[in-house]
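**Q** First, the structure itself, so that you have it in front of you.
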Amino acid sequence: MLFFSADEKYVAYGGARGGGKSWALRRKMILMCLRYPGLSVLIVRKSYQELRENHIRPMCAELAEIATYTDTRKTFEFKNGSHIKMGYCDSEGDVDRYQGQEFDIIALDEATQLTEYQFQTFKGCLRGANDFPKRMYITCNPGGVGHGWVKRLFIDRDYREGENPKDYRFIPAVVYDNKALLSKDPDYIERLKSLPVSLRDAWLYGKWDAFQGQFFPEFDMSVHTCDEHEIPKEWSRYCAIDYGLDMLAAVFVALSPDGHAHVYDEVYEKDLIVSEAAKKIKEKSSGVCQFIAPSDLWSRQKDSGKSIYELFCENGVYLTKISPERVQSFLCLKEWLKPYIDEDGRKKSKMTIFRNCSNLIRCLPQLLHDPKKPGDASTKPHEITHAPDALRYFASSRAFFASQNEKKEKPKRLSQKIKGNAHLRKL
């Protein structure tokens with residue numbers, strides 16, 4: 001009833017599985033078309049197969065005496081002039097089909113399967129020269145490529161310029177609300193309880209901080225982030241860079257004498273040419289002893305005949321080349337982030353991130369596993385990969401610090417081994 005009566009501009013309904021979200025979304029769109037003659041509605045799922053099985057087929061049965069479905073236009077047309085267009089968006093490019101179209105109501109079913117670019121594009125279709133309020137309704141579960149933007153807008157309520165907090169509302173849905181499902185399938189809850197912890201928390205309880213496919217499940221805000229504090233001048237400082245015209249991501253890291261890494265600042269800006277990117281980096285590079293970048297920046301550009309590396313050097317940023325293999329460099333980063341228990345029983349990590357590095361903190365927990373390459377992170381959505389890539393460049397360039405005990409033991413074991421081997425003593 002909360003979802004049916006909600007009238008905010010953007011309403012998200014979801015959380016756990018089995019809450020009846022798709023049924024509620026479909027039912028609300030039908031009721032609105034019946035109530036408001038001439039209403040233009042779009043219902044979207046990721047793939048056509050999902051759209052057909054979850055919406056088109058049941059709606060054809062439900063609306064047999066009320067609306068006419070035309071398969072070529074994939075549209076239900078009501079006698080009062082309202083219509084519901086059925087759409088799908090399987091790839092980034094699919095969303096371009098809807099540019100230029102106008103809708104009074106847009107419903108995104110399983111919105112966490114869509115990227116933020118797709119969501120923003122659909123927002124642009126929410127318009128029309130009539131008196132109908134323009135609204136968007138979405139259903140969602142934790143996880144998926146769109147987990148980050150849904151969580152930011154509806155769970156964390158972290159708004160950017162131009163986003164009005166009053167326009168957004170989240171209504172939780174859990175399986176315990178779905179009496180029809182529980183009466184027909186009373187064992188469903190037990191099956192959810194038997195799942196691995198991350199899946200159970202996401203699918204049964206609707207927790208947004210733990211979801212299937214998360215590449216860095218070890219990331220913990222209470223462990224890996226901290227307030228800003230002064231960095232001693234004697235600590236070594238590094239800057240790792242991931243550069244492209246679409247985004248410059250640079251992370252600034254200080255190493256303490258005991259081997260802890262402190263990510264103390266970042267640059268995260270798009271559409272910067274090299275001279276502009278170099279200027280942004282130099283503004284924060286006081287005390288930096290090394291600028292780290294991947295080897296692809298050494299490739300010569302066809303237009304200028306110069307490499308990105310040379311252009312950075314010309315603008316006062318001298319890069320050190322690394323050639324990080326993706327899986328290995330992500331493993332290095334996982335080692336840095338791996339939690340441990342200190343002598344006082346507190347959970348700690350060898351790497352902490354200052355909270356002013358908001359983009360790195362936002363992107364790390366959103367990164368997903370690549371479904372086709374074990375051990376690698378997904379490159380989609382591309383926007384969230386830049387800051388983690390910059391951080392893994394730092395991680396792969398610096399051997400993970402061993403504990404003090406391990407450092408003391410290694411020379412001793414080596415000297416003992418040499419004493420027992422005369423041919424090694426000669427070497």
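Identifiers for the structure tokens are assigned positionally: chains receive A, B, ... in sequence, residues are indexed from 1 per chain, and ligands are indexed from 1 in the order shown.
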So which residues touch His386 (chain A) within 10 Å, counting only C-alpha atoms, skipping near sequence neighbours fewer than 5 positions away, as number ranges by chain?
**A** A: 241-244, 246-250, 268, 359-360, 363-364, 379, 391
**Q** Applying 12 Å and only C-alpha atoms, which residues near Arg200 (chain A) remain after dropping the ones on its own chain fewer than 6 positions away? List them as a ChimeraX atom specification.
**A** /A:15-17,142,189-194,206-208,210-212
**Q** Which residue, A:Asn141, A:Ser307, A:Ser285, A:Ser5, has the smallest gap to Leu31 (chain A) when you use only C-alpha atoms?
**A** A:Ser5
**Q** Work out how far CA of Thr121 (chain A) is from CA of Tyr98 (chain A), in Å to one decimal.
**A**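 Between these atoms lies a distance of 8.2 Å.
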**Q** Using only C-alpha atoms, pick whichever of A:Leu25, A:Ala173, A:Leu34, A:Ala111 has the shortest atom-to-atom distance to Lys46 (chain A).
**A**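 Under the stated criterion, the closest residue is A:Ala111.
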**Q** Would you write out, as CSV, a table of all residues in region 214-256 of chain A that have an atom no more than 10 Å from an atom of region 334-349 of chain A, listing for each the closest atom pair and the distance in Å to one decimal, considering only C-alpha atoms and ordering rows by chain and rising residue number?
**A**
residue,atom,partner,partner_atom,distance
A:Phe215,CA,A:Lys334,CA,9.4
A:Phe216,CA,A:Lys334,CA,7.4
A:Pro217,CA,A:Lys334,CA,9.8
A:Glu218,CA,A:Lys338,CA,6.5
A:Phe219,CA,A:Leu337,CA,7.0
A:Asp220,CA,A:Pro339,CA,8.8
A:Ser222,CA,A:Lys347,CA,9.1
A:Val223,CA,A:Lys348,CA,5.8
A:His224,CA,A:Ser349,CA,6.5
A:Thr225,CA,A:Ser349,CA,9.7
**Q** Please measure the separation of CA of Glu102 (chain A) and CA of Gly124 (chain A), giving the value in Å to one decimal.
**A**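 CA of Gly124 (chain A) lies 8.5 Å from CA of Glu102 (chain A).
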**Q** Write out as an mmCIF file with N, CA and C atoms, in the first residue's frame all residues of region 69-293 of chain A that DSSP puts in strand (DSSP E) for this structure's backbone.
**A**
data_model
loop_
_atom_site.group_PDB
_atom_site.id
_atom_site.type_symbol
_atom_site.label_atom_id
_atom_site.label_comp_id
_atom_site.auth_asym_id
_atom_site.auth_seq_id
_atom_site.Cartn_x
_atom_site.Cartn_y
_atom_site.Cartn_z
ATOM 1 N N TYR A 69 -2.813 -5.694 -27.077
ATOM 2 C CA TYR A 69 -1.360 -5.736 -27.192
ATOM 3 C C TYR A 69 -0.959 -5.904 -28.645
ATOM 4 N N THR A 70 -0.065 -5.041 -29.128
ATOM 5 C CA THR A 70 0.489 -5.126 -30.482
ATOM 6 C C THR A 70 1.949 -5.506 -30.374
ATOM 7 N N THR A 75 3.372 -2.813 -27.340
ATOM 8 C CA THR A 75 2.612 -1.799 -26.614
ATOM 9 C C THR A 75 1.213 -2.309 -26.275
ATOM 10 N N PHE A 76 0.789 -2.067 -25.044
ATOM 11 C CA PHE A 76 -0.590 -2.295 -24.620
ATOM 12 C C PHE A 76 -1.345 -0.971 -24.767
ATOM 13 N N GLU A 77 -2.431 -0.983 -25.518
ATOM 14 C CA GLU A 77 -3.208 0.220 -25.748
ATOM 15 C C GLU A 77 -4.582 0.089 -25.083
ATOM 16 N N PHE A 78 -4.885 1.044 -24.207
ATOM 17 C CA PHE A 78 -6.156 1.036 -23.473
ATOM 18 C C PHE A 78 -7.206 1.841 -24.249
ATOM 19 N N HIS A 83 -1.446 4.111 -22.762
ATOM 20 C CA HIS A 83 -0.720 2.974 -23.318
ATOM 21 C C HIS A 83 0.511 2.660 -22.470
ATOM 22 N N ILE A 84 0.907 1.395 -22.501
ATOM 23 C CA ILE A 84 2.116 0.934 -21.814
ATOM 24 C C ILE A 84 3.042 0.322 -22.854
ATOM 25 N N LYS A 85 4.195 0.936 -23.053
ATOM 26 C CA LYS A 85 5.205 0.403 -23.971
ATOM 27 C C LYS A 85 6.134 -0.505 -23.185
ATOM 28 N N MET A 86 6.460 -1.668 -23.752
ATOM 29 C CA MET A 86 7.337 -2.631 -23.092
ATOM 30 C C MET A 86 8.730 -2.518 -23.710
ATOM 31 N N GLY A 87 9.742 -2.253 -22.874
ATOM 32 C CA GLY A 87 11.093 -2.059 -23.384
ATOM 33 C C GLY A 87 12.119 -2.913 -22.671
ATOM 34 N N TYR A 88 13.263 -3.096 -23.322
ATOM 35 C CA TYR A 88 14.375 -3.802 -22.692
ATOM 36 C C TYR A 88 15.661 -3.061 -23.008
ATOM 37 N N ILE A 105 5.317 8.249 -17.251
ATOM 38 C CA ILE A 105 5.749 7.331 -16.186
ATOM 39 C C ILE A 105 6.730 6.333 -16.781
ATOM 40 N N ILE A 106 7.863 6.118 -16.095
ATOM 41 C CA ILE A 106 8.816 5.081 -16.498
ATOM 42 C C ILE A 106 9.029 4.146 -15.319
ATOM 43 N N ALA A 107 8.912 2.839 -15.574
ATOM 44 C CA ALA A 107 9.090 1.821 -14.540
ATOM 45 C C ALA A 107 10.271 0.932 -14.912
ATOM 46 N N LEU A 108 11.294 0.916 -14.078
ATOM 47 C CA LEU A 108 12.477 0.086 -14.293
ATOM 48 C C LEU A 108 12.422 -1.099 -13.344
ATOM 49 N N ARG A 135 6.940 10.835 -13.302
ATOM 50 C CA ARG A 135 7.453 10.004 -12.205
ATOM 51 C C ARG A 135 8.179 8.777 -12.737
ATOM 52 N N MET A 136 9.099 8.277 -11.902
ATOM 53 C CA MET A 136 9.813 7.043 -12.218
ATOM 54 C C MET A 136 9.724 6.102 -11.020
ATOM 55 N N TYR A 137 9.365 4.855 -11.290
ATOM 56 C CA TYR A 137 9.278 3.831 -10.253
ATOM 57 C C TYR A 137 10.260 2.719 -10.594
ATOM 58 N N ILE A 138 11.013 2.292 -9.600
ATOM 59 C CA ILE A 138 11.969 1.216 -9.845
ATOM 60 C C ILE A 138 11.813 0.129 -8.780
ATOM 61 N N THR A 139 12.133 -1.108 -9.174
ATOM 62 C CA THR A 139 12.269 -2.185 -8.200
ATOM 63 C C THR A 139 13.732 -2.602 -8.202
ATOM 64 N N CYS A 140 14.198 -3.172 -7.107
ATOM 65 C CA CYS A 140 15.634 -3.427 -7.009
ATOM 66 C C CYS A 140 15.940 -4.445 -5.914
ATOM 67 N N TYR A 168 13.226 11.712 -3.836
ATOM 68 C CA TYR A 168 13.591 10.296 -3.774
ATOM 69 C C TYR A 168 13.017 9.626 -2.521
ATOM 70 N N ARG A 169 12.489 8.411 -2.731
ATOM 71 C CA ARG A 169 11.935 7.650 -1.604
ATOM 72 C C ARG A 169 12.208 6.168 -1.800
ATOM 73 N N PHE A 170 12.616 5.509 -0.722
ATOM 74 C CA PHE A 170 12.827 4.059 -0.750
ATOM 75 C C PHE A 170 11.802 3.372 0.142
ATOM 76 N N ILE A 171 11.153 2.343 -0.402
ATOM 77 C CA ILE A 171 10.179 1.548 0.349
ATOM 78 C C ILE A 171 10.685 0.109 0.380
ATOM 79 N N PRO A 172 11.033 -0.414 1.565
ATOM 80 C CA PRO A 172 11.574 -1.775 1.630
ATOM 81 C C PRO A 172 10.520 -2.840 1.351
ATOM 82 N N ALA A 173 10.958 -3.907 0.694
ATOM 83 C CA ALA A 173 10.100 -5.073 0.445
ATOM 84 C C ALA A 173 10.847 -6.313 0.900
ATOM 85 N N THR A 225 38.620 2.913 6.329
ATOM 86 C CA THR A 225 38.538 4.367 6.181
ATOM 87 C C THR A 225 38.812 5.036 7.526
ATOM 88 N N CYS A 226 39.288 6.270 7.460
ATOM 89 C CA CYS A 226 39.581 7.015 8.689
ATOM 90 C C CYS A 226 39.464 8.514 8.402
ATOM 91 N N SER A 236 57.408 8.353 2.968
ATOM 92 C CA SER A 236 57.481 8.330 1.507
ATOM 93 C C SER A 236 56.079 8.496 0.918
ATOM 94 N N ARG A 237 55.984 9.294 -0.140
ATOM 95 C CA ARG A 237 54.679 9.561 -0.764
ATOM 96 C C ARG A 237 54.715 9.168 -2.241
ATOM 97 N N TYR A 238 53.615 8.595 -2.690
ATOM 98 C CA TYR A 238 53.507 8.109 -4.054
ATOM 99 C C TYR A 238 52.192 8.590 -4.661
ATOM 100 N N CYS A 239 52.184 8.686 -5.979
ATOM 101 C CA CYS A 239 50.960 9.003 -6.711
ATOM 102 C C CYS A 239 50.801 7.976 -7.822
ATOM 103 N N ALA A 240 49.677 7.266 -7.842
ATOM 104 C CA ALA A 240 49.388 6.275 -8.886
ATOM 105 C C ALA A 240 48.257 6.820 -9.757
ATOM 106 N N ILE A 241 48.446 6.693 -11.071
ATOM 107 C CA ILE A 241 47.574 7.390 -12.021
ATOM 108 C C ILE A 241 46.926 6.414 -12.991
ATOM 109 N N ASP A 242 45.622 6.571 -13.185
ATOM 110 C CA ASP A 242 44.912 5.911 -14.278
ATOM 111 C C ASP A 242 44.340 7.038 -15.135
ATOM 112 N N TYR A 243 44.862 7.176 -16.361
ATOM 113 C CA TYR A 243 44.474 8.332 -17.176
ATOM 114 C C TYR A 243 43.827 7.913 -18.484
ATOM 115 N N GLY A 244 42.759 8.595 -18.815
ATOM 116 C CA GLY A 244 42.113 8.544 -20.118
ATOM 117 C C GLY A 244 41.308 9.820 -20.250
ATOM 118 N N MET A 247 38.339 9.851 -18.026
ATOM 119 C CA MET A 247 38.505 10.043 -16.590
ATOM 120 C C MET A 247 39.979 10.043 -16.197
ATOM 121 N N LEU A 248 40.338 10.990 -15.351
ATOM 122 C CA LEU A 248 41.634 10.962 -14.665
ATOM 123 C C LEU A 248 41.365 10.539 -13.223
ATOM 124 N N ALA A 249 41.969 9.425 -12.825
ATOM 125 C CA ALA A 249 41.911 8.984 -11.433
ATOM 126 C C ALA A 249 43.337 8.896 -10.919
ATOM 127 N N ALA A 250 43.649 9.657 -9.893
ATOM 128 C CA ALA A 250 44.972 9.622 -9.271
ATOM 129 C C ALA A 250 44.793 9.473 -7.773
ATOM 130 N N VAL A 251 45.549 8.556 -7.179
ATOM 131 C CA VAL A 251 45.497 8.369 -5.730
ATOM 132 C C VAL A 251 46.868 8.682 -5.151
ATOM 133 N N PHE A 252 46.882 9.359 -4.015
ATOM 134 C CA PHE A 252 48.108 9.759 -3.338
ATOM 135 C C PHE A 252 48.245 8.923 -2.073
ATOM 136 N N VAL A 253 49.369 8.215 -1.966
ATOM 137 C CA VAL A 253 49.557 7.254 -0.890
ATOM 138 C C VAL A 253 50.850 7.554 -0.136
ATOM 139 N N ALA A 254 50.768 7.548 1.194
ATOM 140 C CA ALA A 254 51.946 7.728 2.040
ATOM 141 C C ALA A 254 52.226 6.420 2.769
ATOM 142 N N LEU A 255 53.507 6.025 2.810
ATOM 143 C CA LEU A 255 53.912 4.811 3.507
ATOM 144 C C LEU A 255 54.567 5.178 4.831
ATOM 145 N N ALA A 261 50.042 1.664 4.544
ATOM 146 C CA ALA A 261 49.756 2.606 3.465
ATOM 147 C C ALA A 261 48.570 3.479 3.853
ATOM 148 N N HIS A 262 48.713 4.761 3.646
ATOM 149 C CA HIS A 262 47.654 5.721 3.968
ATOM 150 C C HIS A 262 47.300 6.477 2.690
ATOM 151 N N VAL A 263 46.126 6.201 2.136
ATOM 152 C CA VAL A 263 45.670 6.909 0.940
ATOM 153 C C VAL A 263 45.076 8.229 1.420
ATOM 154 N N TYR A 264 45.791 9.329 1.163
ATOM 155 C CA TYR A 264 45.426 10.585 1.821
ATOM 156 C C TYR A 264 44.750 11.597 0.906
ATOM 157 N N ASP A 265 44.762 11.362 -0.422
ATOM 158 C CA ASP A 265 44.098 12.315 -1.308
ATOM 159 C C ASP A 265 43.833 11.645 -2.655
ATOM 160 N N GLU A 266 43.028 12.304 -3.492
ATOM 161 C CA GLU A 266 42.698 11.761 -4.801
ATOM 162 C C GLU A 266 42.388 12.906 -5.771
ATOM 163 N N VAL A 267 42.500 12.595 -7.062
ATOM 164 C CA VAL A 267 41.958 13.437 -8.134
ATOM 165 C C VAL A 267 41.038 12.537 -8.942
ATOM 166 N N TYR A 268 39.850 13.017 -9.228
ATOM 167 C CA TYR A 268 38.877 12.204 -9.967
ATOM 168 C C TYR A 268 38.048 13.159 -10.829
ATOM 169 N N GLU A 269 38.507 13.363 -12.063
ATOM 170 C CA GLU A 269 37.839 14.304 -12.965
ATOM 171 C C GLU A 269 37.878 13.778 -14.389
ATOM 172 N N VAL A 288 55.695 14.164 -3.124
ATOM 173 C CA VAL A 288 55.592 12.884 -3.837
ATOM 174 C C VAL A 288 56.935 12.533 -4.461
ATOM 175 N N CYS A 289 57.399 11.296 -4.205
ATOM 176 C CA CYS A 289 58.701 10.880 -4.712
ATOM 177 C C CYS A 289 58.608 10.064 -5.996
ATOM 178 N N GLN A 290 57.404 9.575 -6.331
ATOM 179 C CA GLN A 290 57.276 8.738 -7.518
ATOM 180 C C GLN A 290 55.852 8.815 -8.053
ATOM 181 N N PHE A 291 55.737 8.979 -9.377
ATOM 182 C CA PHE A 291 54.439 8.958 -10.055
ATOM 183 C C PHE A 291 54.359 7.663 -10.857
ATOM 184 N N ILE A 292 53.377 6.833 -10.542
ATOM 185 C CA ILE A 292 53.286 5.480 -11.092
ATOM 186 C C ILE A 292 52.160 5.444 -12.125
ATOM 187 N N ALA A 293 52.426 4.837 -13.287
ATOM 188 C CA ALA A 293 51.414 4.763 -14.342
ATOM 189 C C ALA A 293 51.603 3.473 -15.143
#
**Q** So how far away is CA of Lys306 (chain A) from CA of Ile273 (chain A), in Å?
**A** 13.8 Å
**Q** Pick out the residues sitting within 12 Å of Ala129 (chain A), and hand them over as a list in words; count only C-alpha atoms, and ignore anything fewer than 3 positions along from it in its own chain.
**A**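 Contacts, with the query itself left out: Leu39, Ser40, Glu102, Phe103, Asp104, Leu126, Phe132, Pro133 and Lys134 of chain A.
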**Q** For those residues, write C-alpha atoms to a file as a compact mmCIF listing (two decimals), in the first residue's frame.
**A**
# COMPACT_ATOMS: atom_id res chain seq x y z
CA LEU A 39 -1.18 8.36 -19.85
CA SER A 40 2.08 7.26 -21.53
CA GLU A 102 8.57 10.99 -24.14
CA PHE A 103 6.85 9.21 -21.25
CA ASP A 104 4.82 10.38 -18.27
CA LEU A 126 10.60 11.58 -18.52
CA PHE A 132 0.52 14.63 -15.79
CA PRO A 133 3.19 14.60 -13.05
CA LYS A 134 6.35 12.94 -14.36
**Q** In terms of the shortest atom-to-atom distance over only C-alpha atoms, which of A:Phe312, A:Trp298, A:Tyr205, A:Phe394 is closest to Ser329 (chain A)?
**A**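 For Ser329 (chain A), the nearest of the given residues is A:Phe394.
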**Q** Just list the residues in region 177-214 of chain A DSSP gives helix (DSSP H, G or I) on the backbone, as a PyMOL selection string.
**A** chain A and resi 177+179-184+188-193+197-203
**Q** Would you save the residues of that selection, restricted to N, CA and C atoms, as an mmCIF file, in the first residue's frame?
**A**
data_model
loop_
_atom_site.group_PDB
_atom_site.id
_atom_site.type_symbol
_atom_site.label_atom_id
_atom_site.label_comp_id
_atom_site.auth_asym_id
_atom_site.auth_seq_id
_atom_site.Cartn_x
_atom_site.Cartn_y
_atom_site.Cartn_z
ATOM 1 N N ASP A 177 6.523 -10.070 3.684
ATOM 2 C CA ASP A 177 5.332 -9.308 3.294
ATOM 3 C C ASP A 177 4.472 -10.063 2.283
ATOM 4 N N LYS A 179 2.465 -12.734 1.550
ATOM 5 C CA LYS A 179 1.688 -13.836 2.132
ATOM 6 C C LYS A 179 1.303 -14.869 1.086
ATOM 7 N N ALA A 180 1.031 -14.419 -0.144
ATOM 8 C CA ALA A 180 0.640 -15.351 -1.201
ATOM 9 C C ALA A 180 1.760 -16.337 -1.492
ATOM 10 N N LEU A 181 3.004 -15.838 -1.607
ATOM 11 C CA LEU A 181 4.138 -16.722 -1.873
ATOM 12 C C LEU A 181 4.368 -17.690 -0.722
ATOM 13 N N LEU A 182 4.326 -17.191 0.516
ATOM 14 C CA LEU A 182 4.615 -18.045 1.671
ATOM 15 C C LEU A 182 3.565 -19.117 1.857
ATOM 16 N N SER A 183 2.324 -18.826 1.497
ATOM 17 C CA SER A 183 1.271 -19.844 1.634
ATOM 18 C C SER A 183 1.427 -20.945 0.590
ATOM 19 N N LYS A 184 1.919 -20.590 -0.604
ATOM 20 C CA LYS A 184 2.095 -21.574 -1.671
ATOM 21 C C LYS A 184 3.440 -22.293 -1.569
ATOM 22 N N TYR A 188 10.319 -21.587 1.124
ATOM 23 C CA TYR A 188 11.170 -20.629 0.418
ATOM 24 C C TYR A 188 12.108 -19.898 1.379
ATOM 25 N N ILE A 189 11.599 -19.514 2.539
ATOM 26 C CA ILE A 189 12.440 -18.803 3.511
ATOM 27 C C ILE A 189 13.585 -19.685 3.986
ATOM 28 N N GLU A 190 13.317 -20.951 4.220
ATOM 29 C CA GLU A 190 14.378 -21.864 4.662
ATOM 30 C C GLU A 190 15.454 -22.007 3.595
ATOM 31 N N ARG A 191 15.055 -21.999 2.329
ATOM 32 C CA ARG A 191 16.053 -22.084 1.255
ATOM 33 C C ARG A 191 16.926 -20.834 1.244
ATOM 34 N N LEU A 192 16.329 -19.685 1.479
ATOM 35 C CA LEU A 192 17.112 -18.456 1.537
ATOM 36 C C LEU A 192 18.067 -18.467 2.729
ATOM 37 N N LYS A 193 17.612 -18.998 3.857
ATOM 38 C CA LYS A 193 18.455 -19.057 5.049
ATOM 39 C C LYS A 193 19.668 -19.957 4.859
ATOM 40 N N VAL A 197 26.539 -16.589 3.383
ATOM 41 C CA VAL A 197 26.202 -15.415 4.190
ATOM 42 C C VAL A 197 25.891 -14.190 3.344
ATOM 43 N N SER A 198 26.753 -13.895 2.338
ATOM 44 C CA SER A 198 26.540 -12.679 1.548
ATOM 45 C C SER A 198 25.232 -12.730 0.776
ATOM 46 N N LEU A 199 24.940 -13.908 0.191
ATOM 47 C CA LEU A 199 23.682 -14.057 -0.535
ATOM 48 C C LEU A 199 22.490 -13.997 0.410
ATOM 49 N N ARG A 200 22.610 -14.663 1.548
ATOM 50 C CA ARG A 200 21.502 -14.663 2.514
ATOM 51 C C ARG A 200 21.195 -13.250 3.003
ATOM 52 N N ASP A 201 22.245 -12.500 3.334
ATOM 53 C CA ASP A 201 22.027 -11.138 3.825
ATOM 54 C C ASP A 201 21.356 -10.265 2.776
ATOM 55 N N ALA A 202 21.754 -10.448 1.513
ATOM 56 C CA ALA A 202 21.195 -9.618 0.437
ATOM 57 C C ALA A 202 19.787 -10.069 0.062
ATOM 58 N N TRP A 203 19.591 -11.373 -0.119
ATOM 59 C CA TRP A 203 18.326 -11.866 -0.670
ATOM 60 C C TRP A 203 17.232 -12.043 0.377
#
**Q** Restricting the calculation to only C-alpha atoms, which member of A:Leu42, A:Val145, A:Ser47, A:Ser304 is positioned closest to Phe122 (chain A)?
**A**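 Ranked by minimum distance to Phe122 (chain A), first place goes to A:Leu42.
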**Q** Quick one: everything within 8 Å of Glu228 (chain A), counting only C-alpha atoms, minus sequence neighbours fewer than 3 positions away in the same chain. Send it as a PyMOL selection string.
**A** chain A and resi 264+354-356
